[in-house]
Structures are given as C-alpha cells and as structure tokens.
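Structure data follow from model-v4.cif (mmCIF, C-alpha atoms):
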```
data_query
#
loop_
_atom_site.group_PDB
_atom_site.id
_atom_site.type_symbol
_atom_site.label_atom_id
_atom_site.label_comp_id
_atom_site.auth_asym_id
_atom_site.auth_seq_id
_atom_site.Cartn_x
_atom_site.Cartn_y
_atom_site.Cartn_z
ATOM 1 C CA MET A 93 2.637 33.423 28.061
ATOM 2 C CA LEU A 94 3.267 36.770 26.367
ATOM 3 C CA ARG A 95 3.913 36.693 22.656
ATOM 4 C CA THR A 96 5.631 39.505 20.828
ATOM 5 C CA PHE A 97 4.854 40.327 17.231
ATOM 6 C CA PRO A 98 7.389 41.825 14.924
ATOM 7 C CA ILE A 99 6.874 45.564 14.430
ATOM 8 C CA ALA A 100 6.223 45.154 10.700
ATOM 9 C CA ALA A 101 3.329 42.785 11.408
ATOM 10 C CA LEU A 102 1.883 45.245 13.917
ATOM 11 C CA ALA A 103 2.098 48.102 11.397
ATOM 12 C CA LEU A 104 0.325 45.988 8.739
ATOM 13 C CA THR A 105 -2.395 45.114 11.218
ATOM 14 C CA LEU A 106 -2.944 48.779 12.116
ATOM 15 C CA MET A 107 -2.983 49.822 8.445
ATOM 16 C CA ALA A 108 -5.616 47.229 7.697
ATOM 17 C CA CYS A 109 -7.856 48.779 10.347
ATOM 18 C CA THR A 110 -7.884 52.222 8.789
ATOM 19 C CA SER A 111 -9.316 53.383 5.478
ATOM 20 C CA GLN A 112 -6.671 56.097 5.006
ATOM 21 C CA PRO A 113 -3.243 55.466 3.491
ATOM 22 C CA PRO A 114 -0.235 55.887 5.758
ATOM 23 C CA GLN A 115 1.215 59.383 5.829
ATOM 24 C CA THR A 116 4.606 59.641 4.191
ATOM 25 C CA ASP A 117 7.125 62.435 4.513
ATOM 26 C CA ALA A 118 5.771 63.948 1.281
ATOM 27 C CA THR A 119 2.154 63.987 2.488
ATOM 28 C CA GLN A 120 3.229 65.408 5.846
ATOM 29 C CA ALA A 121 4.896 68.338 4.057
ATOM 30 C CA ASP A 122 1.735 68.894 1.989
ATOM 31 C CA ALA A 123 -0.309 68.948 5.187
ATOM 32 C CA ALA A 124 1.778 71.761 6.695
ATOM 33 C CA PRO A 125 -0.292 74.745 7.808
ATOM 34 C CA PRO A 126 -0.727 77.553 5.232
ATOM 35 C CA GLY A 127 2.139 80.021 5.368
ATOM 36 C CA ALA A 128 4.563 77.527 6.913
ATOM 37 C CA ALA A 129 6.675 77.525 3.749
ATOM 38 C CA ASN A 130 6.727 81.351 3.817
ATOM 39 C CA ALA A 131 8.176 81.261 7.310
ATOM 40 C CA ARG A 132 11.542 80.447 5.740
ATOM 41 C CA ILE A 133 11.498 83.444 3.378
ATOM 42 C CA ILE A 134 13.810 86.144 4.686
ATOM 43 C CA ALA A 135 13.903 89.893 4.183
ATOM 44 C CA CYS A 136 15.354 91.046 0.874
ATOM 45 C CA ALA A 137 18.983 92.124 0.919
ATOM 46 C CA PRO A 138 19.963 95.177 -1.143
ATOM 47 C CA SER A 139 22.216 92.935 -3.246
ATOM 48 C CA GLN A 140 19.180 91.045 -4.585
ATOM 49 C CA LEU A 141 17.117 94.134 -5.435
ATOM 50 C CA ALA A 142 17.191 96.745 -8.184
ATOM 51 C CA LEU A 143 15.583 100.120 -7.452
ATOM 52 C CA THR A 144 14.760 102.475 -10.318
ATOM 53 C CA LEU A 145 12.538 105.493 -10.779
ATOM 54 C CA ASP A 146 10.085 105.823 -13.669
ATOM 55 C CA SER A 147 8.596 109.172 -14.652
ATOM 56 C CA ALA A 148 5.797 107.313 -16.481
ATOM 57 C CA GLY A 149 6.146 109.690 -19.418
ATOM 58 C CA GLY A 150 5.360 112.755 -17.310
ATOM 59 C CA ARG A 151 2.125 111.305 -15.925
ATOM 60 C CA PHE A 152 2.795 112.891 -12.523
ATOM 61 C CA ASN A 153 3.694 116.393 -13.759
ATOM 62 C CA GLY A 154 1.407 119.420 -13.892
ATOM 63 C CA MET A 155 0.249 122.534 -12.032
ATOM 64 C CA SER A 156 3.273 122.778 -9.709
ATOM 65 C CA HIS A 157 3.165 119.060 -8.952
ATOM 66 C CA SER A 158 5.459 116.232 -9.913
ATOM 67 C CA GLY A 159 6.149 112.636 -9.034
ATOM 68 C CA THR A 160 7.706 109.352 -9.960
ATOM 69 C CA MET A 161 7.072 105.657 -9.719
ATOM 70 C CA LEU A 162 9.412 103.638 -7.490
ATOM 71 C CA VAL A 163 10.146 100.334 -9.236
ATOM 72 C CA LEU A 164 11.654 97.539 -7.148
ATOM 73 C CA ARG A 165 12.667 94.213 -8.756
ATOM 74 C CA ASN A 166 13.962 91.042 -7.126
ATOM 75 C CA THR A 167 17.076 90.280 -9.211
ATOM 76 C CA GLY A 168 18.095 87.411 -6.930
ATOM 77 C CA VAL A 169 17.484 83.691 -7.248
ATOM 78 C CA ALA A 170 15.412 83.318 -4.062
ATOM 79 C CA ALA A 171 12.139 84.778 -2.879
ATOM 80 C CA CYS A 172 12.382 87.432 -0.174
ATOM 81 C CA THR A 173 10.145 89.930 1.609
ATOM 82 C CA ILE A 174 9.926 93.718 1.620
ATOM 83 C CA PRO A 175 7.795 96.108 3.660
ATOM 84 C CA ALA A 176 4.495 96.889 1.904
ATOM 85 C CA ARG A 177 4.991 100.590 2.569
ATOM 86 C CA PRO A 178 8.175 102.116 1.192
ATOM 87 C CA LEU A 179 10.211 104.158 3.680
ATOM 88 C CA PRO A 180 12.187 106.665 1.582
ATOM 89 C CA SER A 181 14.621 109.326 2.672
ATOM 90 C CA PHE A 182 16.378 111.932 0.557
ATOM 91 C CA ALA A 183 19.964 113.201 0.569
ATOM 92 C CA ASP A 184 21.749 116.059 -1.173
ATOM 93 C CA SER A 185 24.844 115.647 -3.361
ATOM 94 C CA GLY A 186 27.048 115.789 -0.234
ATOM 95 C CA GLY A 187 25.188 112.893 1.400
ATOM 96 C CA GLN A 188 23.372 115.057 3.973
ATOM 97 C CA THR A 189 19.859 113.825 4.782
ATOM 98 C CA LEU A 190 17.228 116.405 3.805
ATOM 99 C CA ASN A 191 14.195 117.289 5.911
ATOM 100 C CA ILE A 192 11.582 115.843 3.551
ATOM 101 C CA VAL A 193 8.808 113.751 5.098
ATOM 102 C CA ALA A 194 5.800 111.657 4.073
ATOM 103 C CA GLN A 195 2.385 113.225 4.369
ATOM 104 C CA THR A 196 0.385 111.697 7.190
ATOM 105 C CA SER A 197 -2.291 109.287 5.952
ATOM 106 C CA THR A 198 -5.523 109.064 7.908
ATOM 107 C CA GLY A 199 -7.922 107.565 5.361
ATOM 108 C CA PRO A 200 -8.705 103.959 4.447
ATOM 109 C CA GLY A 201 -5.590 101.857 3.985
ATOM 110 C CA ALA A 202 -3.525 104.103 6.279
ATOM 111 C CA ALA A 203 -2.858 101.174 8.601
ATOM 112 C CA SER A 204 0.276 99.116 8.160
ATOM 113 C CA HIS A 205 0.250 96.313 5.614
ATOM 114 C CA SER A 206 1.758 92.834 5.758
ATOM 115 C CA PRO A 207 5.155 92.405 4.107
ATOM 116 C CA ILE A 208 5.176 91.508 0.418
ATOM 117 C CA THR A 209 6.934 88.378 -0.817
ATOM 118 C CA LEU A 210 8.899 88.969 -4.018
ATOM 119 C CA ALA A 211 9.588 85.902 -6.145
ATOM 120 C CA PRO A 212 12.755 85.995 -8.261
ATOM 121 C CA GLY A 213 12.155 88.466 -11.114
ATOM 122 C CA ALA A 214 9.023 89.920 -9.483
ATOM 123 C CA ILE A 215 8.409 93.676 -9.621
ATOM 124 C CA VAL A 216 6.481 96.013 -7.324
ATOM 125 C CA THR A 217 5.787 99.716 -7.810
ATOM 126 C CA SER A 218 4.772 102.645 -5.649
ATOM 127 C CA ASN A 219 3.578 106.062 -6.817
ATOM 128 C CA MET A 220 5.206 109.096 -5.204
ATOM 129 C CA ARG A 221 3.807 112.629 -5.683
ATOM 130 C CA TRP A 222 4.892 116.037 -4.365
ATOM 131 C CA VAL A 223 4.611 119.795 -4.843
ATOM 132 C CA SER A 224 7.400 120.843 -7.203
ATOM 133 C CA GLY A 225 6.675 124.569 -7.517
ATOM 134 C CA ASP A 226 7.581 127.249 -4.972
ATOM 135 C CA VAL A 227 3.904 128.123 -4.437
ATOM 136 C CA TYR A 228 3.868 128.641 -0.659
ATOM 137 C CA ASP A 229 4.279 131.903 1.281
ATOM 138 C CA ASN A 230 7.817 131.875 2.664
ATOM 139 C CA GLY A 231 8.230 128.510 0.905
ATOM 140 C CA HIS A 232 11.386 126.561 0.257
ATOM 141 C CA CYS A 233 12.461 123.837 -2.164
ATOM 142 C CA GLU A 234 15.003 121.028 -2.038
ATOM 143 C CA ALA A 235 16.590 119.190 -4.971
ATOM 144 C CA PRO A 236 17.727 115.792 -3.612
ATOM 145 C CA ALA A 237 20.470 113.874 -5.394
ATOM 146 C CA ARG A 238 19.570 110.445 -3.932
ATOM 147 C CA LEU A 239 16.501 108.566 -2.771
ATOM 148 C CA THR A 240 17.098 105.754 -0.262
ATOM 149 C CA LEU A 241 14.614 103.074 0.797
ATOM 150 C CA ALA A 242 14.831 101.470 4.217
ATOM 151 C CA LEU A 243 14.344 97.693 4.063
ATOM 152 C CA ASP A 244 14.213 96.499 7.645
ATOM 153 C CA GLN A 245 17.769 97.211 8.868
ATOM 154 C CA GLN A 246 19.280 97.650 5.392
ATOM 155 C CA ARG A 247 19.032 100.300 2.673
ATOM 156 C CA ILE A 248 18.998 100.572 -1.123
ATOM 157 C CA SER A 249 19.339 103.837 -3.029
ATOM 158 C CA THR A 250 19.235 105.366 -6.494
ATOM 159 C CA ALA A 251 19.898 108.724 -8.113
ATOM 160 C CA PHE A 252 17.016 111.199 -7.860
ATOM 161 C CA THR A 253 16.172 114.210 -9.992
ATOM 162 C CA GLY A 254 13.348 116.426 -8.924
ATOM 163 C CA ARG A 255 12.464 119.300 -6.686
ATOM 164 C CA LEU A 256 10.238 119.049 -3.630
ATOM 165 C CA CYS A 257 8.800 122.215 -2.078
ATOM 166 C CA GLY A 258 7.187 122.997 1.233
ATOM 167 C CA ALA A 259 5.606 125.812 3.239
ATOM 168 C CA GLY A 260 7.723 128.117 5.370
ATOM 169 C CA GLY A 261 8.672 126.613 8.725
ATOM 170 C CA GLN A 262 7.608 123.104 7.646
ATOM 171 C CA PRO A 263 9.444 120.302 5.858
ATOM 172 C CA SER A 264 8.707 119.514 2.230
ATOM 173 C CA THR A 265 6.347 116.560 1.936
ATOM 174 C CA TYR A 266 5.379 113.812 -0.488
ATOM 175 C CA ALA A 267 2.502 111.325 -0.813
ATOM 176 C CA LEU A 268 3.325 107.686 -1.376
ATOM 177 C CA SER A 269 1.217 104.622 -2.184
ATOM 178 C CA PRO A 270 1.979 101.120 -0.841
ATOM 179 C CA PHE A 271 3.908 98.778 -3.124
ATOM 180 C CA THR A 272 1.727 97.003 -5.685
ATOM 181 C CA PRO A 273 2.796 93.893 -7.639
ATOM 182 C CA VAL A 274 3.240 94.371 -11.398
ATOM 183 C CA ALA A 275 2.253 91.688 -13.893
ATOM 184 C CA ALA A 276 4.326 93.014 -16.822
ATOM 185 C CA PRO A 277 7.725 94.723 -16.948
ATOM 186 C CA VAL A 278 7.766 98.473 -16.372
ATOM 187 C CA SER A 279 9.892 100.790 -18.508
ATOM 188 C CA THR A 280 12.516 102.662 -16.519
ATOM 189 C CA THR A 281 12.997 106.126 -17.958
#
```
Show me, as structure tokens, the structure contained in the file I just sent.
Amino acid sequence: MLRTFPIAALALTLMACTSQPPQTDATQADAAPPGAANARIIACAPSQLALTLDSAGGRFNGMSHSGTMLVLRNTGVAACTIPARPLPSFADSGGQTLNIVAQTSTGPGAASHSPITLAPGAIVTSNMRWVSGDVYDNGHCEAPARLTLALDQQRISTAFTGRLCGAGGQPSTYALSPFTPVAAPVSTT
C-alpha cells in the first residue's frame, strides 16, 4: 500500500537532512553572479547628462598648445553607462562638421575600454589637448562653435571656444584621454 505524505511534511524532512538554511527569494538574488545587476543598466540618454568644458584655469595653455577638460555628469535619477573613450566631433557656427580628428594612439591603454557606469550625480572627466597656434608650413586653423559627443546612437553637445590647427593637407588633430571618475565636483569655467 502506497502512502502519500503532505508536501509540507516532505519539505520539513528534507530541511532536517541538510545543514544549510533554505534559500529564499532574497538569498537567491544575493547569490546572482557578479555583474548581473549591471546587466539592467542602460546607456545614458542625453537628457540625463550634462556636458561642460573646463579650462582648468589655463592649465592646458602654452607654447602654441591649448586644451580643455570634458566634464560629464549624470543629472538623472538612474545609473546609466557611457563609452570609456569620448567620441567628439566639432561643428562651425553654421552646423557644418569640421575635419578635426583624434590623434591615433598606439601606446599602452590604446585598446578599447569597458563602458563606465555613472551613478546619479556621478562625474567623469577627459583631458583634451591640441595645437592652437598656426605653427605648421602651409598650416590651417579651425575655430569650432560646438563640440558634440557620440554616446552609442545618441549625441550631446555644448558650446566650444578654441582654435585647433593642423599641417597643410592634413586635418587638425587633438589628443584625448579616456573618461576618469571624479571624487569631488569640478568647477566649470
């Protein structure tokens, strides 16, 4: 004769045979693999970011060179991701894209970096440097009115003041560091 036990009695019997407590929904969430929570973080939308430029008190200026710090802040209420390497483009006052390109990096750290997660209120910065004096033979200079960053398929832009120069027959270039998280607020001058 086959006897059936209620399911509750079976569960108590099994629990008594193990030294570990039963796993609840809360402990299952804690046991999720690292990075699983980050899988739900989406790319930052321009509406949740503020882009400013900071001259750092002229720190970048000297000997026909200039630069600025790109300051990007998550002004939204949710965490989001951005590319670790900024992808800027420049436009004139009429909105025409200018032929200004990043210098090619070949040294350490030239490889692509993982995206950066920005918590609400978090700030990242990137240093941008360029030749600002017409020092090249047959050189040329451009004075962009806007700097635009590509963020996946979207863009965010800000006003730009500066002059980038290049050698004859070649585009003007700039050097740019990857974004770095900032612990304290940065002044935006």
- What is the distance between atom CA of Gly231 of chain A and atom CA of Asn153 of chain A, in Å to one decimal?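 So the two atoms, atom CA of Gly231 of chain A and atom CA of Asn153 of chain A, lie 19.6 Å apart.
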*Just say which residues the PyMOL selection byres ((chain A and resi 183) around 9) picks in this file, as a list in words.*
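Given this file, the PyMOL selection byres ((chain A and resi 183) around 9) evaluates to Ser181, Phe182, Asp184, Ser185, Gly186, Gly187, Gln188, Thr189, Leu190, Asn191, Ala235, Pro236, Ala237, Arg238, Leu239 and Thr240 of chain A.
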*Please evaluate the PyMOL selection byres ((chain A and resi 208) around 12) against the structure above and give the resulting residues as a VMD selection string.*
chain A and resid 130 133 to 136 164 166 171 to 178 204 to 207 209 to 211 214 to 217 243 270 to 273
* Asked: Applied to this file, what does the PyMOL selection byres ((chain A and resi 147) around 8) return in terms of residues, put as number ranges by chain?
  -> A: 145-146, 148-152, 159-161, 280-281
Near Gly261 of chain A, within 9 Å and counting only C-alpha atoms, which residues show up once chain neighbours fewer than 3 positions away are dropped, as an NGL selection string? :A and (230-232 or 258)
Spatial neighbours of Ser158 of chain A, max dist 7 Å, all atoms listed in the file, sep filter under 6 positions, as a ChimeraX atom specification:
/A:152,221-224
(message) One decimal, in Å: what's the spacing between atom CA of Ala267 of chain A and atom CA of Leu162 of chain A?
(response)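 Atom CA of Leu162 of chain A lies 12.3 Å from atom CA of Ala267 of chain A.
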Expressed in Å, the length from atom CA of Leu141 of chain A to atom CA of Arg165 of chain A is 5.6 Å
Discussion item. Here is a test: counting all atoms listed in the file, which residue of A:Gly168, A:Gly254, A:Pro180, A:Gly213 is nearest to Gly225 of chain A?
Written reply: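 Counting all atoms listed in the file, the residue closest to Gly225 of chain A is A:Gly254.
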Enclosing box along x, y and z for every listed atom of segment 265-277 of chain A, padded 6 Å each side, centre and size in Å, one decimal, as lines of an AutoDock Vina configuration file:
```
center_x = 4.5
center_y = 104.1
center_z = -7.5
size_x = 18.5
size_y = 36.9
size_z = 30.9
```
